[in-house]
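See below for data-v2.csv, which holds CSV, C-alpha atoms and all ligand atoms.
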```
chain,number,residue,atom,x,y,z
A,1,MET,CA,1.8,-42.2,-2.0
A,2,LYS,CA,-1.4,-41.8,-4.1
A,3,PHE,CA,-1.6,-38.8,-6.4
A,4,SER,CA,-4.7,-37.4,-4.7
A,5,ARG,CA,-2.8,-37.5,-1.3
A,6,ILE,CA,0.0,-35.5,-2.8
A,7,VAL,CA,-2.5,-33.0,-4.2
A,8,LYS,CA,-4.0,-32.6,-0.7
A,9,LEU,CA,-0.6,-32.3,0.9
A,10,VAL,CA,0.3,-29.5,-1.6
A,11,ILE,CA,-3.0,-27.7,-0.9
A,12,VAL,CA,-2.3,-27.9,2.9
A,13,VAL,CA,1.2,-26.6,2.5
A,14,VAL,CA,0.2,-23.8,0.2
A,15,ALA,CA,-2.6,-22.9,2.7
A,16,ILE,CA,-0.2,-22.8,5.6
A,17,ILE,CA,2.2,-20.6,3.6
A,18,PHE,CA,-0.7,-18.3,2.7
A,19,VAL,CA,-1.7,-18.0,6.4
A,20,VAL,CA,1.8,-17.3,7.5
A,21,GLN,CA,2.4,-14.6,4.8
A,22,ASN,CA,-1.1,-13.0,4.9
A,23,PRO,CA,-2.2,-12.6,8.5
A,24,ASP,CA,-4.3,-9.6,7.5
A,25,LYS,CA,-6.2,-11.7,5.0
A,26,VAL,CA,-7.0,-14.2,7.7
A,27,ALA,CA,-8.4,-11.4,9.8
A,28,THR,CA,-10.5,-10.3,6.9
A,29,GLY,CA,-11.8,-13.9,6.5
A,30,LYS,CA,-12.7,-14.1,10.1
A,31,ALA,CA,-14.5,-10.8,9.9
A,32,TRP,CA,-16.4,-12.1,6.9
A,33,VAL,CA,-17.5,-15.2,8.8
A,34,THR,CA,-18.5,-13.0,11.7
A,35,ASN,CA,-20.5,-10.8,9.4
A,36,GLN,CA,-22.3,-13.7,7.8
A,37,VAL,CA,-23.2,-15.1,11.2
A,38,GLN,CA,-24.3,-11.7,12.4
A,39,GLN,CA,-26.6,-11.3,9.4
A,40,LEU,CA,-28.1,-14.7,10.0
A,41,ALA,CA,-28.7,-13.8,13.7
A,42,THR,CA,-30.3,-10.5,12.6
A,43,LEU,CA,-32.6,-12.3,10.3
A,44,LEU,CA,-33.7,-14.6,13.1
A,45,ASN,CA,-34.2,-11.5,15.3
A,46,THR,CA,-36.2,-9.5,13.0
A,47,GLN,CA,-38.9,-12.0,12.3
A,48,GLY,CA,-41.4,-9.6,13.8
A,49,GLY,CA,-42.1,-8.6,10.2
A,50,GLN,CA,-40.7,-5.1,10.2
A,51,ASN,CA,-39.0,-4.1,7.1
A,52,THR,CA,-35.6,-3.3,8.5
A,53,PRO,CA,-32.2,-3.4,6.8
A,54,THR,CA,-30.0,-6.3,7.5
A,55,SER,CA,-27.8,-6.0,10.6
A,56,ASN,CA,-30.4,-3.7,12.2
A,57,ILE,CA,-32.8,-4.4,14.9
A,58,SER,CA,-35.6,-1.9,15.2
A,59,SER,CA,-37.5,-1.5,18.4
A,60,ARG,CA,-40.4,0.8,18.3
A,61,GLN,CA,-42.5,2.0,21.2
A,62,SER,CA,-46.1,1.8,20.3
A,63,THR,CA,-48.9,4.3,20.9
A,64,THR,CA,-51.5,1.6,20.5
A,65,SER,CA,-51.9,-2.1,21.3
A,66,HIS,CA,-49.1,-2.9,18.8
A,67,THR,CA,-46.0,-4.1,20.5
A,68,ASP,CA,-42.6,-3.7,18.8
A,69,ALA,CA,-40.5,-6.6,17.9
A,70,THR,CA,-37.6,-5.8,20.1
A,71,ALA,CA,-35.2,-8.7,20.7
A,72,LEU,CA,-31.8,-7.5,21.8
A,73,ASN,CA,-31.5,-10.8,23.7
A,74,GLY,CA,-28.7,-9.8,25.8
A,75,ALA,CA,-26.8,-7.6,23.3
A,76,ILE,CA,-24.8,-5.1,25.3
A,77,TRP,CA,-22.1,-2.5,24.7
A,78,PRO,CA,-18.5,-3.9,25.0
A,79,LYS,CA,-17.6,-0.7,26.9
A,80,ARG,CA,-19.0,1.4,29.8
A,81,THR,CA,-18.6,4.9,28.4
A,82,LEU,CA,-20.7,5.8,25.4
A,83,LYS,CA,-20.5,8.9,23.1
A,84,VAL,CA,-23.8,10.5,22.4
A,85,TYR,CA,-24.7,12.9,19.6
A,86,PHE,CA,-27.8,15.1,19.9
A,87,ASP,CA,-29.1,15.4,16.3
A,88,VAL,CA,-32.0,17.7,17.2
A,89,SER,CA,-31.8,21.4,17.4
A,90,LEU,CA,-32.8,23.2,20.7
A,91,ASN,CA,-33.8,26.1,18.6
A,92,SER,CA,-36.1,24.4,16.1
A,93,LYS,CA,-37.4,21.5,18.2
A,94,PRO,CA,-36.9,22.5,21.9
A,95,ALA,CA,-39.5,20.0,23.2
A,96,TYR,CA,-37.6,17.1,21.6
A,97,ALA,CA,-34.1,18.4,22.5
A,98,THR,CA,-35.3,18.7,26.1
A,99,ALA,CA,-36.8,15.2,26.2
A,100,TRP,CA,-33.6,13.7,24.9
A,101,GLN,CA,-31.5,15.8,27.3
A,102,ARG,CA,-33.6,14.7,30.3
A,103,ALA,CA,-33.4,11.0,29.2
A,104,PHE,CA,-29.6,11.4,28.8
A,105,ASP,CA,-29.3,13.0,32.3
A,106,ASN,CA,-31.6,10.5,34.0
A,107,TRP,CA,-29.8,7.4,32.6
A,108,ASN,CA,-26.5,9.0,33.5
A,109,ALA,CA,-27.7,9.5,37.1
A,110,ALA,CA,-28.3,5.8,37.3
A,111,LYS,CA,-24.5,5.5,37.3
A,112,VAL,CA,-24.4,2.2,35.4
A,113,LEU,CA,-23.0,3.5,32.1
A,114,THR,CA,-21.4,6.9,31.5
A,115,LEU,CA,-22.9,8.9,28.7
A,116,THR,CA,-20.8,11.7,27.2
A,117,LYS,CA,-21.8,14.3,24.6
A,118,VAL,CA,-19.8,14.6,21.4
A,119,ASP,CA,-20.0,17.3,18.7
A,120,ASN,CA,-19.2,15.0,15.8
A,121,LYS,CA,-21.9,12.7,14.7
A,122,ASN,CA,-19.4,10.3,13.1
A,123,GLN,CA,-17.7,9.7,16.5
A,124,ALA,CA,-21.0,8.9,18.2
A,125,ASP,CA,-22.0,5.5,19.6
A,126,ILE,CA,-25.6,6.7,20.0
A,127,VAL,CA,-27.4,9.3,17.9
A,128,LEU,CA,-30.5,10.9,19.3
A,129,THR,CA,-32.9,12.4,16.8
A,130,THR,CA,-36.5,12.8,15.6
A,131,GLU,CA,-38.6,11.6,12.7
A,132,ASN,CA,-42.0,12.5,11.4
A,133,ARG,CA,-43.8,9.3,10.1
A,134,ASP,CA,-47.4,8.5,9.8
A,135,ASP,CA,-46.7,5.1,8.1
A,136,THR,CA,-45.9,3.4,11.4
A,137,MET,CA,-48.0,3.1,14.6
A,138,GLN,CA,-45.0,3.7,16.8
A,139,ALA,CA,-43.9,6.7,18.7
A,140,GLY,CA,-40.3,5.9,18.9
A,141,VAL,CA,-37.6,3.6,17.6
A,142,ALA,CA,-34.1,2.5,18.5
A,143,GLU,CA,-32.3,1.2,15.4
A,144,THR,CA,-29.6,-1.1,16.8
A,145,GLN,CA,-26.6,-2.6,15.1
A,146,PHE,CA,-24.6,-5.3,16.7
A,147,LEU,CA,-21.9,-7.9,16.1
A,148,LEU,CA,-22.2,-11.5,17.1
A,149,ASN,CA,-19.1,-13.3,18.2
A,150,PRO,CA,-19.5,-16.8,16.7
A,151,ILE,CA,-17.3,-18.4,19.3
A,152,THR,CA,-18.7,-17.0,22.5
A,153,GLY,CA,-22.2,-16.3,21.2
A,154,LYS,CA,-22.0,-12.8,22.8
A,155,LYS,CA,-23.6,-9.9,21.0
A,156,SER,CA,-21.9,-6.5,21.1
A,157,ILE,CA,-23.9,-3.4,20.2
A,158,THR,CA,-21.9,-1.2,17.8
A,159,HIS,CA,-24.2,1.7,17.0
A,160,VAL,CA,-27.7,2.9,17.8
A,161,THR,CA,-29.9,5.6,16.2
A,162,ALA,CA,-32.8,6.4,18.5
A,163,LYS,CA,-35.7,8.5,17.1
A,164,LEU,CA,-38.8,10.1,18.6
A,165,ASN,CA,-41.7,10.2,16.1
A,166,GLU,CA,-43.1,13.8,16.1
A,167,HIS,CA,-46.2,12.6,14.3
A,168,TYR,CA,-47.5,11.1,17.5
A,169,LEU,CA,-45.5,12.8,20.2
A,170,ASP,CA,-46.4,16.3,19.2
A,171,ASP,CA,-49.7,15.7,21.2
A,172,TYR,CA,-47.9,14.2,24.2
A,173,SER,CA,-47.2,16.1,27.4
A,174,ALA,CA,-43.5,17.0,28.2
A,175,VAL,CA,-43.5,14.1,30.7
A,176,ARG,CA,-44.7,11.5,28.2
A,177,LYS,CA,-42.2,12.8,25.7
A,178,MET,CA,-39.4,12.3,28.3
A,179,ASN,CA,-40.7,8.9,29.2
A,180,THR,CA,-40.6,7.8,25.6
A,181,ALA,CA,-37.1,9.2,25.2
A,182,GLU,CA,-36.0,7.3,28.3
A,183,HIS,CA,-37.6,4.1,26.8
A,184,GLU,CA,-35.8,4.4,23.5
A,185,LEU,CA,-32.5,5.3,25.2
A,186,GLY,CA,-33.1,2.3,27.5
A,187,HIS,CA,-33.1,0.1,24.3
A,188,ALA,CA,-30.0,1.9,23.1
A,189,LEU,CA,-28.2,0.8,26.3
A,190,GLY,CA,-29.3,-2.8,25.9
A,191,LEU,CA,-32.7,-3.1,27.7
A,192,ASP,CA,-35.5,-5.2,26.3
A,193,HIS,CA,-39.2,-4.9,27.1
A,194,VAL,CA,-40.7,-5.6,30.5
A,195,SER,CA,-44.4,-6.1,30.9
A,196,ASP,CA,-44.9,-7.7,34.3
A,197,HIS,CA,-44.1,-4.7,36.5
A,198,ALA,CA,-43.9,-0.9,36.5
A,199,SER,CA,-41.0,-0.1,34.1
A,200,VAL,CA,-39.9,2.5,31.6
A,201,MET,CA,-39.4,-0.5,29.3
A,202,GLN,CA,-43.1,-1.4,29.1
A,203,PRO,CA,-43.8,-1.9,25.4
A,204,GLN,CA,-46.9,0.3,25.3
A,205,GLY,CA,-47.5,3.8,26.2
A,206,SER,CA,-45.2,6.2,28.0
A,207,GLU,CA,-46.7,5.9,31.4
A,208,TYR,CA,-43.5,5.3,33.4
A,209,GLY,CA,-40.2,7.0,33.7
A,210,ILE,CA,-37.0,5.1,34.8
A,211,GLN,CA,-37.8,2.9,37.8
A,212,THR,CA,-35.4,1.4,40.3
A,213,ALA,CA,-36.1,-2.0,38.7
A,214,ASP,CA,-34.9,-0.7,35.4
A,215,ILE,CA,-31.6,0.5,36.9
A,216,ASN,CA,-31.2,-2.9,38.5
A,217,GLN,CA,-31.9,-4.6,35.2
A,218,LEU,CA,-29.2,-2.5,33.5
A,219,LYS,CA,-26.8,-3.2,36.4
A,220,ALA,CA,-27.4,-6.9,35.9
A,221,LEU,CA,-26.7,-6.7,32.2
A,222,TYR,CA,-23.3,-5.0,32.8
A,223,GLN,CA,-22.2,-6.6,36.1
A,224,ASN,CA,-19.4,-8.6,34.6
B,301,ZN,ZN,-39.6,-0.5,22.9
```
As a first step, turn the structure in this file into structure tokens.
Ligand SMILES: [Zn+2]
Amino acid sequence: MKFSRIVKLVIVVVAIIFVVQNPDKVATGKAWVTNQVQQLATLLNTQGGQNTPTSNISSRQSTTSHTDATALNGAIWPKRTLKVYFDVSLNSKPAYATAWQRAFDNWNAAKVLTLTKVDNKNQADIVLTTENRDDTMQAGVAETQFLLNPITGKKSITHVTAKLNEHYLDDYSAVRKMNTAEHELGHALGLDHVSDHASVMQPQGSEYGIQTADINQLKALYQN
């Protein structure tokens, strides 16, 4: 037997012993590979030019002709019950707390996913909040984190922070605030933009609330 073959054999045997004795490290290695693939997928998804952190997709609803670069591409939650934390005070910002509450109630009424309120932000799957930014043209955002399974190619959403931008929405009617909240929460549940029919997920404006077509789209995403 050649020396190089013996070396290879020794390496293989050592590797097998390592795997047998360190199953947790193998899991860590798999997680690392998943993470690398996820970051690559995220880079591919965020080519819209927004300056977003790695592993985040930002989807903003525009107040002008700008469309946001949403590309959830079928990313959905791996579960049907989601914990939601309201990070907006009913006392200090009643209009926004109300808009998020209505969006929460209306998506719950669709009976596709079950949304439950939690008091602990750290336990939440989805955080609903506000921001006040004039350095963006957009009235809302859903910052979505997901994991990509490199074997199945399936994307699982792991956390979303959805924000309403007071800078623009302060001038909106209560209905338009609610429509915007429903739009961003729609992204948080896995919905992408729709532009060919009446939909809460139209990329521009806040003209529509949740439509039957939007509920059917959500059902289709979660039918399996
Ligand atoms: Zn959007």
- Pick from A:Asn216, A:Ser92, A:Gln138, A:Asn108: nearest to ligand ZN 301 (chain B), with all atoms listed in the file counted?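 Closest candidate: A:Gln138.
CA of Leu113 (chain A) to CA of Glu207 (chain A) spans 23.8 Å [interatomic distance, one decimal].
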- Sel. within 12 Å of pt (-40.9, 16.9, 30.7), counting only C-alpha atoms, output as a PyMOL selection string: chain A and resi 94-103+106+172-182+206+209
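Atom to atom, CA of Thr158 (chain A) and CA of Thr144 (chain A) stand 7.8 Å apart.
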- Might you pull out every residue within 9 Å of Leu218 (chain A), with all atoms listed in the file counted and same-chain residues fewer than 4 positions away left off, and present them as a count of residues only? 10
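Distances here use only C-alpha atoms and all ligand atoms; by that measure, the residue among A:Val141, A:Ile157, A:Ile210, A:Ile215 closest to ligand ZN 301 (chain B) is A:Val141.
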